[in-house]
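Peer 1: Structure supplied as start01.cif; contents: mmCIF, C-alpha atoms.
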```
data_protein
#
loop_
_atom_site.label_atom_id
_atom_site.label_comp_id
_atom_site.auth_asym_id
_atom_site.auth_seq_id
_atom_site.Cartn_x
_atom_site.Cartn_y
_atom_site.Cartn_z
CA MET A 30 53.02 -112.07 -132.50
CA ALA A 31 55.73 -113.79 -130.45
CA ARG A 32 58.09 -110.91 -131.14
CA PHE A 33 55.40 -108.45 -130.01
CA ARG A 34 54.92 -110.34 -126.73
CA VAL A 35 58.66 -110.30 -126.07
CA ARG A 36 58.91 -106.56 -126.75
CA TRP A 37 55.83 -105.85 -124.63
CA GLY A 38 57.23 -107.91 -121.77
CA ARG A 39 60.52 -106.04 -121.93
CA LEU A 40 58.76 -102.69 -122.07
CA LEU A 41 56.61 -103.53 -119.06
CA GLY A 42 59.64 -104.74 -117.15
CA THR A 43 61.56 -101.58 -118.02
CA LEU A 44 58.69 -99.41 -116.80
CA CYS A 45 58.52 -101.33 -113.52
CA VAL A 46 62.24 -100.99 -112.86
CA ALA A 47 62.12 -97.32 -113.86
CA GLY A 48 59.31 -96.87 -111.36
CA LEU A 49 61.48 -98.37 -108.66
CA LEU A 50 64.42 -96.14 -109.48
CA VAL A 51 62.50 -92.92 -110.01
CA GLY A 52 59.65 -93.43 -107.57
CA GLY A 53 61.96 -94.55 -104.82
CA VAL A 54 60.43 -94.19 -101.39
CA LYS A 55 56.90 -93.79 -102.75
CA LEU A 56 56.97 -97.45 -103.70
CA PHE A 57 58.11 -98.54 -100.25
CA THR A 58 55.52 -99.92 -97.88
CA ALA A 59 55.12 -98.25 -94.52
CA GLU A 60 56.45 -99.60 -91.24
CA LEU A 61 54.61 -102.76 -90.32
CA PRO A 62 52.51 -103.14 -87.17
CA PRO A 63 54.20 -105.17 -84.43
CA ALA A 64 53.81 -108.93 -84.46
CA PRO A 65 51.24 -110.28 -81.99
CA PRO A 66 52.66 -110.63 -78.47
CA HIS A 67 54.62 -113.83 -78.07
CA THR A 68 56.54 -115.27 -75.16
CA ARG A 69 60.10 -116.11 -76.04
CA ALA A 70 61.02 -119.77 -75.73
CA VAL A 71 64.71 -119.45 -74.95
CA PRO A 72 66.57 -122.40 -76.50
CA ASP A 73 68.80 -124.61 -74.38
CA LEU A 74 72.30 -123.98 -75.72
CA LYS A 75 74.41 -125.38 -72.87
CA SER A 76 75.53 -128.63 -74.52
CA LEU A 77 76.15 -127.75 -78.15
CA PRO A 78 78.49 -129.93 -80.23
CA PRO A 79 81.61 -128.35 -81.79
CA VAL A 80 80.26 -126.69 -84.94
CA GLU A 81 81.90 -124.46 -87.54
CA VAL A 82 80.13 -122.29 -90.10
CA CYS A 83 81.68 -121.03 -93.36
CA TRP A 84 80.82 -118.38 -95.97
CA LEU A 85 80.90 -119.66 -99.56
CA GLU A 86 80.42 -116.70 -101.90
CA LEU A 87 79.29 -117.91 -105.33
CA SER A 88 78.87 -114.50 -106.98
CA ARG A 89 78.46 -110.85 -106.02
CA SER A 90 77.29 -107.55 -107.47
CA ASP A 91 76.56 -103.97 -106.50
CA VAL A 92 72.95 -103.00 -107.16
CA TRP A 93 72.31 -99.29 -107.68
CA GLY A 94 69.05 -97.63 -106.70
CA GLN A 95 66.15 -98.55 -104.46
CA LEU A 96 65.48 -102.03 -105.76
CA GLY A 97 63.00 -103.00 -103.14
CA THR A 98 64.94 -102.73 -99.89
CA ALA A 99 64.64 -100.44 -96.93
CA GLY A 100 68.30 -99.50 -96.59
CA LEU A 101 69.28 -98.24 -100.02
CA THR A 102 68.28 -94.66 -99.36
CA ARG A 103 71.46 -94.20 -97.29
CA THR A 104 74.19 -95.06 -99.78
CA GLY A 105 72.37 -95.65 -103.06
CA THR A 106 74.17 -98.98 -103.43
CA TRP A 107 73.23 -102.44 -102.22
CA LYS A 108 76.14 -104.86 -101.84
CA ASN A 109 74.51 -108.04 -103.08
CA THR A 110 75.83 -111.55 -102.61
CA ALA A 111 74.70 -114.95 -103.84
CA SER A 112 76.22 -117.21 -101.22
CA ALA A 113 75.99 -120.60 -99.58
CA LEU A 114 76.34 -121.26 -95.87
CA LEU A 115 78.28 -124.39 -94.91
CA VAL A 116 77.75 -125.84 -91.44
CA ARG A 117 80.50 -128.27 -90.37
CA HIS A 118 78.89 -130.62 -87.85
CA PRO A 119 80.44 -133.76 -86.27
CA ARG A 120 77.73 -135.87 -87.94
CA GLY A 121 78.19 -134.40 -91.42
CA ASP A 122 78.21 -131.10 -93.26
CA VAL A 123 75.05 -129.17 -94.12
CA LEU A 124 74.87 -126.74 -97.04
CA ILE A 125 72.30 -123.94 -96.87
CA ASP A 126 71.51 -122.49 -100.32
CA ALA A 127 73.41 -123.20 -103.52
CA GLY A 128 73.46 -119.98 -105.56
CA TYR A 129 72.85 -119.93 -109.29
CA SER A 130 73.17 -122.85 -111.66
CA PRO A 131 76.41 -122.81 -113.69
CA ASN A 132 74.04 -122.81 -116.70
CA VAL A 133 71.90 -119.91 -115.51
CA HIS A 134 72.43 -117.62 -118.49
CA GLU A 135 71.15 -120.31 -120.82
CA GLU A 136 68.32 -121.30 -118.46
CA VAL A 137 66.82 -117.81 -118.26
CA LYS A 138 66.50 -117.64 -122.05
CA HIS A 139 63.61 -120.11 -121.79
CA ARG A 140 61.63 -118.08 -119.26
CA PRO A 141 58.49 -116.04 -120.10
CA PRO A 142 59.38 -112.53 -121.36
CA LEU A 143 58.78 -110.56 -118.17
CA ALA A 144 60.44 -113.16 -115.96
CA ARG A 145 63.35 -113.32 -118.38
CA PHE A 146 63.76 -109.54 -118.21
CA PHE A 147 63.95 -109.51 -114.42
CA ASN A 148 66.23 -112.55 -114.27
CA GLU A 149 68.63 -111.05 -116.81
CA SER A 150 68.53 -107.71 -115.02
CA ALA A 151 69.47 -109.41 -111.75
CA LEU A 152 72.37 -111.19 -113.43
CA LYS A 153 73.85 -108.05 -114.96
CA GLY A 154 76.92 -106.89 -113.11
CA ALA A 155 77.39 -110.20 -111.26
CA ARG A 156 81.05 -111.11 -110.94
CA ASP A 157 83.50 -113.33 -109.06
CA TRP A 158 81.57 -116.45 -110.03
CA SER A 159 82.40 -119.76 -108.35
CA THR A 160 81.01 -123.24 -108.75
CA LEU A 161 79.83 -125.05 -105.64
CA THR A 162 82.54 -127.68 -105.93
CA ALA A 163 85.26 -125.04 -106.11
CA ALA A 164 83.67 -123.11 -103.25
CA LEU A 165 83.60 -126.18 -101.02
CA GLN A 166 87.23 -126.90 -101.81
CA LYS A 167 88.24 -123.39 -100.74
CA VAL A 168 87.14 -124.15 -97.17
CA GLY A 169 88.47 -127.69 -97.10
CA ALA A 170 85.12 -129.41 -97.76
CA SER A 171 83.78 -131.58 -100.56
CA PRO A 172 80.42 -132.67 -102.01
CA GLU A 173 81.03 -136.15 -100.61
CA GLY A 174 81.04 -134.76 -97.08
CA LEU A 175 77.58 -133.19 -97.37
CA LYS A 176 74.92 -134.93 -95.33
CA TRP A 177 72.13 -132.55 -96.37
CA PHE A 178 71.40 -129.62 -98.63
CA ILE A 179 68.80 -127.24 -97.16
CA PRO A 180 67.46 -124.49 -99.45
CA SER A 181 66.07 -121.38 -97.79
CA HIS A 182 63.58 -121.53 -100.67
CA ALA A 183 63.41 -122.83 -104.23
CA HIS A 184 64.16 -119.77 -106.38
CA LEU A 185 66.87 -119.89 -109.05
CA ASP A 186 69.59 -118.16 -107.00
CA HIS A 187 69.15 -120.55 -104.06
CA LEU A 188 68.37 -123.93 -105.64
CA GLY A 189 70.05 -123.63 -109.06
CA GLY A 190 73.51 -124.71 -107.94
CA MET A 191 72.16 -128.17 -107.13
CA VAL A 192 72.31 -129.11 -110.82
CA GLU A 193 76.02 -129.52 -110.04
CA LEU A 194 75.64 -131.65 -106.89
CA ARG A 195 73.29 -134.41 -108.01
CA ASN A 196 74.08 -136.93 -105.28
CA VAL A 197 73.44 -134.77 -102.21
CA PRO A 198 70.14 -135.39 -100.32
CA VAL A 199 67.81 -132.39 -100.07
CA LEU A 200 65.96 -131.56 -96.85
CA LEU A 201 63.13 -129.02 -96.95
CA PRO A 202 59.59 -128.27 -95.70
CA ALA A 203 56.76 -130.22 -97.29
CA GLU A 204 55.33 -126.99 -98.74
CA GLU A 205 58.53 -126.24 -100.64
CA LEU A 206 58.83 -129.83 -101.77
CA SER A 207 55.32 -129.55 -103.25
CA LEU A 208 56.24 -126.25 -104.91
CA ILE A 209 59.22 -127.85 -106.62
CA GLN A 210 57.16 -130.86 -107.73
CA SER A 211 54.57 -128.47 -109.24
CA TRP A 212 57.09 -126.79 -111.54
CA ARG A 213 55.00 -127.51 -114.63
CA THR A 214 52.19 -125.27 -113.38
CA ARG A 215 54.03 -123.08 -110.83
CA LYS A 216 56.57 -120.90 -112.60
CA GLU A 217 58.55 -119.89 -109.48
CA VAL A 218 60.82 -122.92 -109.96
CA PHE A 219 63.03 -123.54 -112.99
CA PRO A 220 62.33 -126.94 -114.58
CA GLU A 221 66.07 -127.68 -114.76
CA HIS A 222 66.37 -127.21 -110.99
CA ALA A 223 63.27 -129.24 -110.15
CA GLN A 224 64.48 -132.10 -112.32
CA ALA A 225 67.94 -131.95 -110.74
CA VAL A 226 66.59 -132.63 -107.22
CA GLU A 227 63.80 -135.01 -108.23
CA GLY A 228 63.89 -138.24 -106.24
CA ARG A 229 66.22 -137.00 -103.50
CA MET A 230 64.01 -134.67 -101.47
CA THR A 231 62.90 -135.39 -97.89
CA ALA A 232 60.25 -133.36 -96.07
CA MET A 233 61.16 -131.92 -92.68
CA ALA A 234 59.11 -133.26 -89.75
CA PHE A 235 58.39 -130.14 -87.71
CA GLU A 236 57.65 -130.60 -84.01
CA PRO A 237 55.02 -128.53 -82.16
CA LYS A 238 57.69 -127.32 -79.72
CA PRO A 239 58.24 -123.57 -79.25
CA TYR A 240 61.56 -122.12 -80.33
CA GLU A 241 62.33 -118.41 -79.86
CA ASN A 242 59.07 -116.76 -81.02
CA PHE A 243 58.03 -119.64 -83.26
CA ASP A 244 55.50 -122.30 -82.29
CA GLU A 245 57.23 -125.23 -84.00
CA ARG A 246 60.72 -126.26 -85.02
CA PHE A 247 62.77 -128.81 -86.86
CA ASP A 248 66.07 -129.68 -85.19
CA VAL A 249 68.28 -131.08 -87.96
CA PHE A 250 70.60 -133.10 -85.72
CA GLY A 251 68.51 -133.14 -82.54
CA ASP A 252 71.22 -131.33 -80.55
CA GLY A 253 70.25 -127.67 -80.94
CA ALA A 254 73.08 -126.77 -83.33
CA VAL A 255 70.96 -126.30 -86.49
CA VAL A 256 67.27 -125.52 -86.01
CA VAL A 257 64.75 -124.58 -88.70
CA ALA A 258 61.56 -122.50 -88.35
CA ARG A 259 58.92 -121.77 -90.96
CA ILE A 260 58.61 -118.22 -92.38
CA PRO A 261 56.18 -118.70 -95.31
CA GLY A 262 55.31 -115.87 -97.64
CA HIS A 263 58.19 -115.29 -100.01
CA THR A 264 57.50 -118.89 -101.05
CA PRO A 265 55.16 -121.38 -99.35
CA GLY A 266 58.03 -123.22 -97.67
CA SER A 267 60.50 -120.41 -96.93
CA ILE A 268 62.50 -121.04 -93.77
CA ALA A 269 64.71 -119.41 -91.18
CA THR A 270 67.71 -121.54 -90.19
CA PHE A 271 69.36 -120.97 -86.81
CA VAL A 272 73.02 -121.98 -86.48
CA ASN A 273 74.15 -122.01 -82.86
CA LEU A 274 77.90 -122.09 -82.26
CA SER A 275 77.60 -121.13 -78.60
CA PRO A 276 75.08 -119.33 -76.37
CA GLU A 277 76.78 -116.05 -77.30
CA ARG A 278 77.54 -116.71 -80.98
CA ARG A 279 74.48 -117.43 -83.08
CA LEU A 280 73.11 -116.55 -86.50
CA VAL A 281 69.81 -117.00 -88.27
CA HIS A 282 69.72 -117.25 -92.07
CA VAL A 283 66.39 -115.78 -93.24
CA GLY A 284 66.54 -116.27 -97.01
CA ASP A 285 64.74 -113.60 -99.03
CA THR A 286 62.01 -112.72 -96.56
CA VAL A 287 64.00 -109.50 -96.21
CA ASN A 288 66.86 -108.25 -98.35
CA LEU A 289 68.68 -106.26 -95.68
CA VAL A 290 69.15 -106.51 -91.93
CA GLU A 291 67.85 -102.97 -91.76
CA SER A 292 64.40 -104.26 -92.71
CA VAL A 293 64.39 -106.38 -89.55
CA GLU A 294 65.69 -103.54 -87.40
CA ARG A 295 63.12 -101.05 -88.73
CA ARG A 296 60.24 -103.50 -89.28
CA LEU A 297 60.05 -102.60 -92.96
CA PRO A 298 59.23 -105.10 -95.71
CA LYS A 299 60.49 -105.04 -99.27
CA SER A 300 58.99 -102.52 -101.66
CA THR A 301 55.42 -102.99 -102.83
CA VAL A 302 56.62 -103.65 -106.37
CA LEU A 303 59.19 -106.25 -105.32
CA GLN A 304 56.64 -107.96 -103.09
CA PHE A 305 54.28 -108.16 -106.06
CA PHE A 306 56.85 -109.74 -108.36
CA THR A 307 58.75 -111.99 -105.95
CA ASP A 308 56.54 -112.99 -102.99
CA THR A 309 54.06 -115.83 -103.40
CA ASP A 310 51.96 -114.48 -100.51
CA ALA A 311 52.93 -110.85 -99.75
CA PRO A 312 50.67 -110.43 -96.65
CA SER A 313 52.19 -113.55 -95.08
CA ALA A 314 55.69 -112.35 -95.97
CA ARG A 315 54.99 -109.04 -94.22
CA GLU A 316 53.79 -110.92 -91.13
CA GLN A 317 57.09 -112.79 -91.07
CA VAL A 318 59.06 -109.54 -91.30
CA ALA A 319 57.20 -108.33 -88.21
CA ARG A 320 57.92 -111.65 -86.47
CA LEU A 321 61.64 -111.40 -87.30
CA SER A 322 61.67 -107.83 -86.04
CA GLN A 323 60.09 -109.03 -82.80
CA LEU A 324 62.77 -111.71 -82.53
CA HIS A 325 65.46 -109.06 -83.03
CA GLU A 326 64.05 -107.15 -80.06
CA MET A 327 63.87 -110.30 -77.94
CA ALA A 328 67.34 -111.57 -78.81
CA PRO A 329 69.52 -108.60 -79.86
CA GLU A 330 72.64 -110.78 -79.74
CA LEU A 331 71.33 -112.92 -82.61
CA GLN A 332 73.00 -112.12 -85.95
CA PHE A 333 70.45 -111.96 -88.79
CA LEU A 334 71.71 -113.09 -92.18
CA PRO A 335 69.49 -112.20 -95.15
CA ALA A 336 70.61 -114.27 -98.10
CA HIS A 337 71.73 -111.30 -100.22
CA ASP A 338 72.90 -108.70 -97.68
CA ARG A 339 76.67 -108.79 -98.18
CA ASP A 340 77.25 -106.29 -95.37
CA ALA A 341 75.59 -108.72 -92.93
CA TRP A 342 77.79 -111.59 -94.14
CA GLU A 343 80.88 -109.40 -93.77
CA LYS A 344 79.86 -108.40 -90.26
CA PHE A 345 79.64 -112.02 -89.11
CA PHE A 346 82.43 -113.64 -91.15
CA GLY A 347 84.78 -110.78 -92.03
CA ALA A 348 85.41 -112.00 -95.60
CA PRO A 349 84.30 -114.71 -98.04
CA TRP A 350 85.76 -118.19 -97.55
CA SER A 351 86.06 -117.51 -93.81
CA CYS A 352 84.89 -119.99 -91.19
CA VAL A 353 83.72 -119.16 -87.66
CA LYS A 354 83.71 -121.37 -84.57
CA ALA A 355 82.49 -120.84 -81.04
CA ARG A 356 84.61 -118.39 -79.12
#
```
Translate the structure described by the file into structure tokens.
Peer 2:
Amino acid sequence: MARFRVRWGRLLGTLCVAGLLVGGVKLFTAELPPAPPHTRAVPDLKSLPPVEVCWLELSRSDVWGQLGTAGLTRTGTWKNTASALLVRHPRGDVLIDAGYSPNVHEEVKHRPPLARFFNESALKGARDWSTLTAALQKVGASPEGLKWFIPSHAHLDHLGGMVELRNVPVLLPAEELSLIQSWRTRKEVFPEHAQAVEGRMTAMAFEPKPYENFDERFDVFGDGAVVVARIPGHTPGSIATFVNLSPERRLVHVGDTVNLVESVERRLPKSTVLQFFTDTDAPSAREQVARLSQLHEMAPELQFLPAHDRDAWEKFFGAPWSCVKAR
């Protein structure tokens, strides 16, 4: 019976992926309606501290076909990255996302059949692996210098690397903290990752102060350099993290709410199938895509950084292991 369930899970997973590859555009959702009108709250960026931001690439792969993103119809290939963003701040370094666990291939073997199929499919073709410690060293940083780790959300390719850095405090929204603590009943989070961060998580205290087109914010250092906004949907506590180097040089890391910058530019969500399998609340995730698209129209100078869009990372940083300061 167990063998039958495994084979059935693999067959179902294969059919779903085949549907993505063969069905292509038919499985894409249509352009979203605009987000409700919102007045932009322009942030005060006149007195920013000297901040540097670095690209730590932990693995990469080229994904063929229309695996749930708006932009793959142009080239047929999605340049995928699993990366961490390091913010060098005078009061301590902040790490955003941590990539996969160094034990990920063993960890996925214990997942339910269908989840295991998708996890293993995502890992195929990944190359140029790096541990977090080695990645930090490449840009002259170290785990000891990290003041906070901030996950964009708690999935395996964003939280998993924290099994390596067990002394770094974790800062995240209360909703994502609850998701991680519910790992026994909520299967979005790997038990190994939840156990690795147990006892070192702190919930963000969001303020009801407008920021861009969001109604609340969490300012990590209180100086406008690193500001977090909620974008729930992909997971309950998914976030957008703004890193402000100067009034002219800014980025916003948006996790997996979209896979490509093109989705923000065209107001297109992920495919219906990918929403079904990866988004906790697909309608809310689509609302956030529309909100991000609205923000793009309001602030065209803002560089959007989806977690896995390698082209977007290259556009801002030039190459992995590069660091950018204010001009």
Peer 1: Counting only C-alpha atoms, which residue out of A:Trp212, A:Phe147, A:Phe219, A:Phe271 sits closest to Glu241 of chain A?
Peer 2: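 For Glu241 of chain A, the nearest of the given residues is A:Phe271.
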Peer 1: Tell me which protein, DNA and RNA residues are within 8 Å of Leu201 of chain A, counting all atoms listed in the file, leaving out same-chain ones fewer than 3 positions away, and put them as a list of chain:residue names.
Peer 2: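 The residues that qualify are A:Ile179, A:Pro180, A:Glu205, A:Leu206, A:Met230, A:Thr231, A:Ala232, A:Met233, A:Gly266.
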Peer 1: Given the PyMOL selection byres ((chain A and resi 254-262) around 8) and the file above, list the residues it selects as a PyMOL selection string.
Peer 2: chain A and resi 77-78+80+243+245-253+263-274+286+308-315+317
Peer 1: Give as a list in words the set of residues within 7 Å of the point (67.0, -108.7, -97.1), where distances use the file's coordinates and all atoms listed in the file.
Peer 2: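 All residues meeting the 7 Å criterion around (67.0, -108.7, -97.1) are Thr98, Asp285, Thr286, Val287, Asn288, Leu289, Val290, Ser292, Pro335, Ala336, His337 and Asp338 of chain A.
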Peer 1: Produce a file of the selected residues containing C-alpha atoms, as a PDB file, in the frame of the given file.
Peer 2:
```
ATOM      1  CA  THR A  98      64.940-102.730 -99.890  1.00  0.00           C
ATOM      2  CA  ASP A 285      64.740-113.600 -99.030  1.00  0.00           C
ATOM      3  CA  THR A 286      62.010-112.720 -96.560  1.00  0.00           C
ATOM      4  CA  VAL A 287      64.000-109.500 -96.210  1.00  0.00           C
ATOM      5  CA  ASN A 288      66.860-108.250 -98.350  1.00  0.00           C
ATOM      6  CA  LEU A 289      68.680-106.260 -95.680  1.00  0.00           C
ATOM      7  CA  VAL A 290      69.150-106.510 -91.930  1.00  0.00           C
ATOM      8  CA  SER A 292      64.400-104.260 -92.710  1.00  0.00           C
ATOM      9  CA  PRO A 335      69.490-112.200 -95.150  1.00  0.00           C
ATOM     10  CA  ALA A 336      70.610-114.270 -98.100  1.00  0.00           C
ATOM     11  CA  HIS A 337      71.730-111.300-100.220  1.00  0.00           C
ATOM     12  CA  ASP A 338      72.900-108.700 -97.680  1.00  0.00           C
TER      13      ASP A 338
END
```
Peer 1: Where does the PyMOL selection byres ((chain A and resi 224) around 12) land in this file, that is, which residues does it pick, as a ChimeraX atom specification?
Peer 2: /A:188-189,191-192,195,209-213,218-223,225-230
Peer 1: Using all atoms listed in the file, which protein or nucleic acid residues come within 12 Å of Ser88 of chain A? Drop anything in the same chain fewer than 4 positions from it, and give the result as an MDAnalysis selection string.
Peer 2: chainID A and resid 84 108:113 127:131 151:161 164 186:187 190 337 339 349
Peer 1: Restricting the calculation to only C-alpha atoms: of A:Ala341, A:Leu185, A:Leu324, A:Leu74, which residue gets closest to Asn242 of chain A?
Peer 2: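 Closest to Asn242 of chain A, using only C-alpha atoms: A:Leu324.
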Peer 1: So which residues are close to (79.2, -116.1, -89.3), meaning at most 10 Å away in the file's coordinates with all atoms listed in the file counted, and can you show them as a list in words?
Peer 2: Glu81, Val82, Cys83, Trp84, Leu114, Val272, Leu274, Arg278, Arg279, Leu280, Val281, His282, Gln332, Phe333, Leu334, Ala341, Trp342, Glu343, Lys344, Phe345, Phe346, Gly347, Ala348, Ser351, Cys352, Val353 and Lys354 of chain A
Peer 1: Restricting the calculation to only C-alpha atoms: of A:Phe178, A:Asp244, A:Val302, A:Thr307, which residue gets closest to Lys216 of chain A?
Peer 2: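 Ranking A:Phe178, A:Asp244, A:Val302, A:Thr307 by distance to Lys216 of chain A, first place goes to A:Thr307.
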Peer 1: Taking the file as I've supplied it (selection: the PyMOL selection byres ((chain A and resi 64) around 8)), which residues are included? Please answer as an mmCIF file with C-alpha atoms, keeping the file's coordinate frame.
Peer 2:
```
data_model
loop_
_atom_site.group_PDB
_atom_site.id
_atom_site.type_symbol
_atom_site.label_atom_id
_atom_site.label_comp_id
_atom_site.auth_asym_id
_atom_site.auth_seq_id
_atom_site.Cartn_x
_atom_site.Cartn_y
_atom_site.Cartn_z
ATOM 1 C CA PRO A 62 52.510 -103.140 -87.170
ATOM 2 C CA PRO A 63 54.200 -105.170 -84.430
ATOM 3 C CA PRO A 65 51.240 -110.280 -81.990
ATOM 4 C CA PRO A 66 52.660 -110.630 -78.470
ATOM 5 C CA GLU A 316 53.790 -110.920 -91.130
ATOM 6 C CA ALA A 319 57.200 -108.330 -88.210
ATOM 7 C CA ARG A 320 57.920 -111.650 -86.470
ATOM 8 C CA GLN A 323 60.090 -109.030 -82.800
#
```
Peer 1: Using all atoms listed in the file, which residues sit within 9 Å of Lys167 of chain A once same-chain residues fewer than 5 positions away are excluded, as a list in words?
Peer 2: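 Using all atoms listed in the file, the neighbours found are Leu85, Thr162 and Trp350 of chain A.
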Peer 1: So that I have them on file, write out the residues from the current selection with C-alpha atoms, as a CSV table (one decimal), in the coordinates of the input.
Peer 2:
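Result file follows (again_17.csv):
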```csv
chain,number,residue,atom,x,y,z
A,85,LEU,CA,80.9,-119.7,-99.6
A,162,THR,CA,82.5,-127.7,-105.9
A,350,TRP,CA,85.8,-118.2,-97.6
```
Peer 1: Compare A:Pro202, A:Pro172, A:Pro79, A:Pro329 by their minimum atom-to-atom distance to Arg356 of chain A, counting all atoms listed in the file, and give me the closest one.
Peer 2: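 The closest residue to Arg356 of chain A is A:Pro79.
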Peer 1: Atom CA of Leu124 of chain A and atom CA of Glu294 of chain A, how far apart in Å?
Peer 2: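 If I compute the distance from atom CA of Glu294 of chain A to atom CA of Leu124 of chain A, I get 26.7 Å.
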Peer 1: Go through A:Ala234, A:Ala70, A:Leu321, A:Ile125 and flag the residue nearest Glu86 of chain A, using all atoms listed in the file for the distances.
Peer 2: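 Under the stated criterion, the closest residue is A:Ile125.
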Peer 1: If I take atom CA of Gly121 of chain A and atom CA of Tyr240 of chain A, how far is one from the other in Å, to one decimal?
Peer 2: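 Computing the Euclidean distance for atom CA of Gly121 of chain A and atom CA of Tyr240 of chain A yields 23.5 Å.
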Peer 1: Taking all listed atoms of segment 238-246 of chain A, build the axis-aligned box, pad each of the six sides by 8 Å, then write its centre and edge lengths in Å to one decimal as AutoDock Vina command-line options.
Peer 2:
```
--center_x 58.9 --center_y -122.0 --center_z -82.1 --size_x 22.8 --size_y 26.6 --size_z 21.8
```
Peer 1: Report, in Å with one decimal, the straight-line distance from atom CA of Arg89 of chain A to atom CA of Pro298 of chain A.
Peer 2: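 Result for atom CA of Arg89 of chain A versus atom CA of Pro298 of chain A: 22.6 Å, one decimal.
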Peer 1: A:Lys299, A:Glu217, A:Glu193, A:Lys238: which is nearest Asn132 of chain A, counting only C-alpha atoms?
Peer 2: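 That would be A:Glu193, the residue with the smallest distance to Asn132 of chain A.
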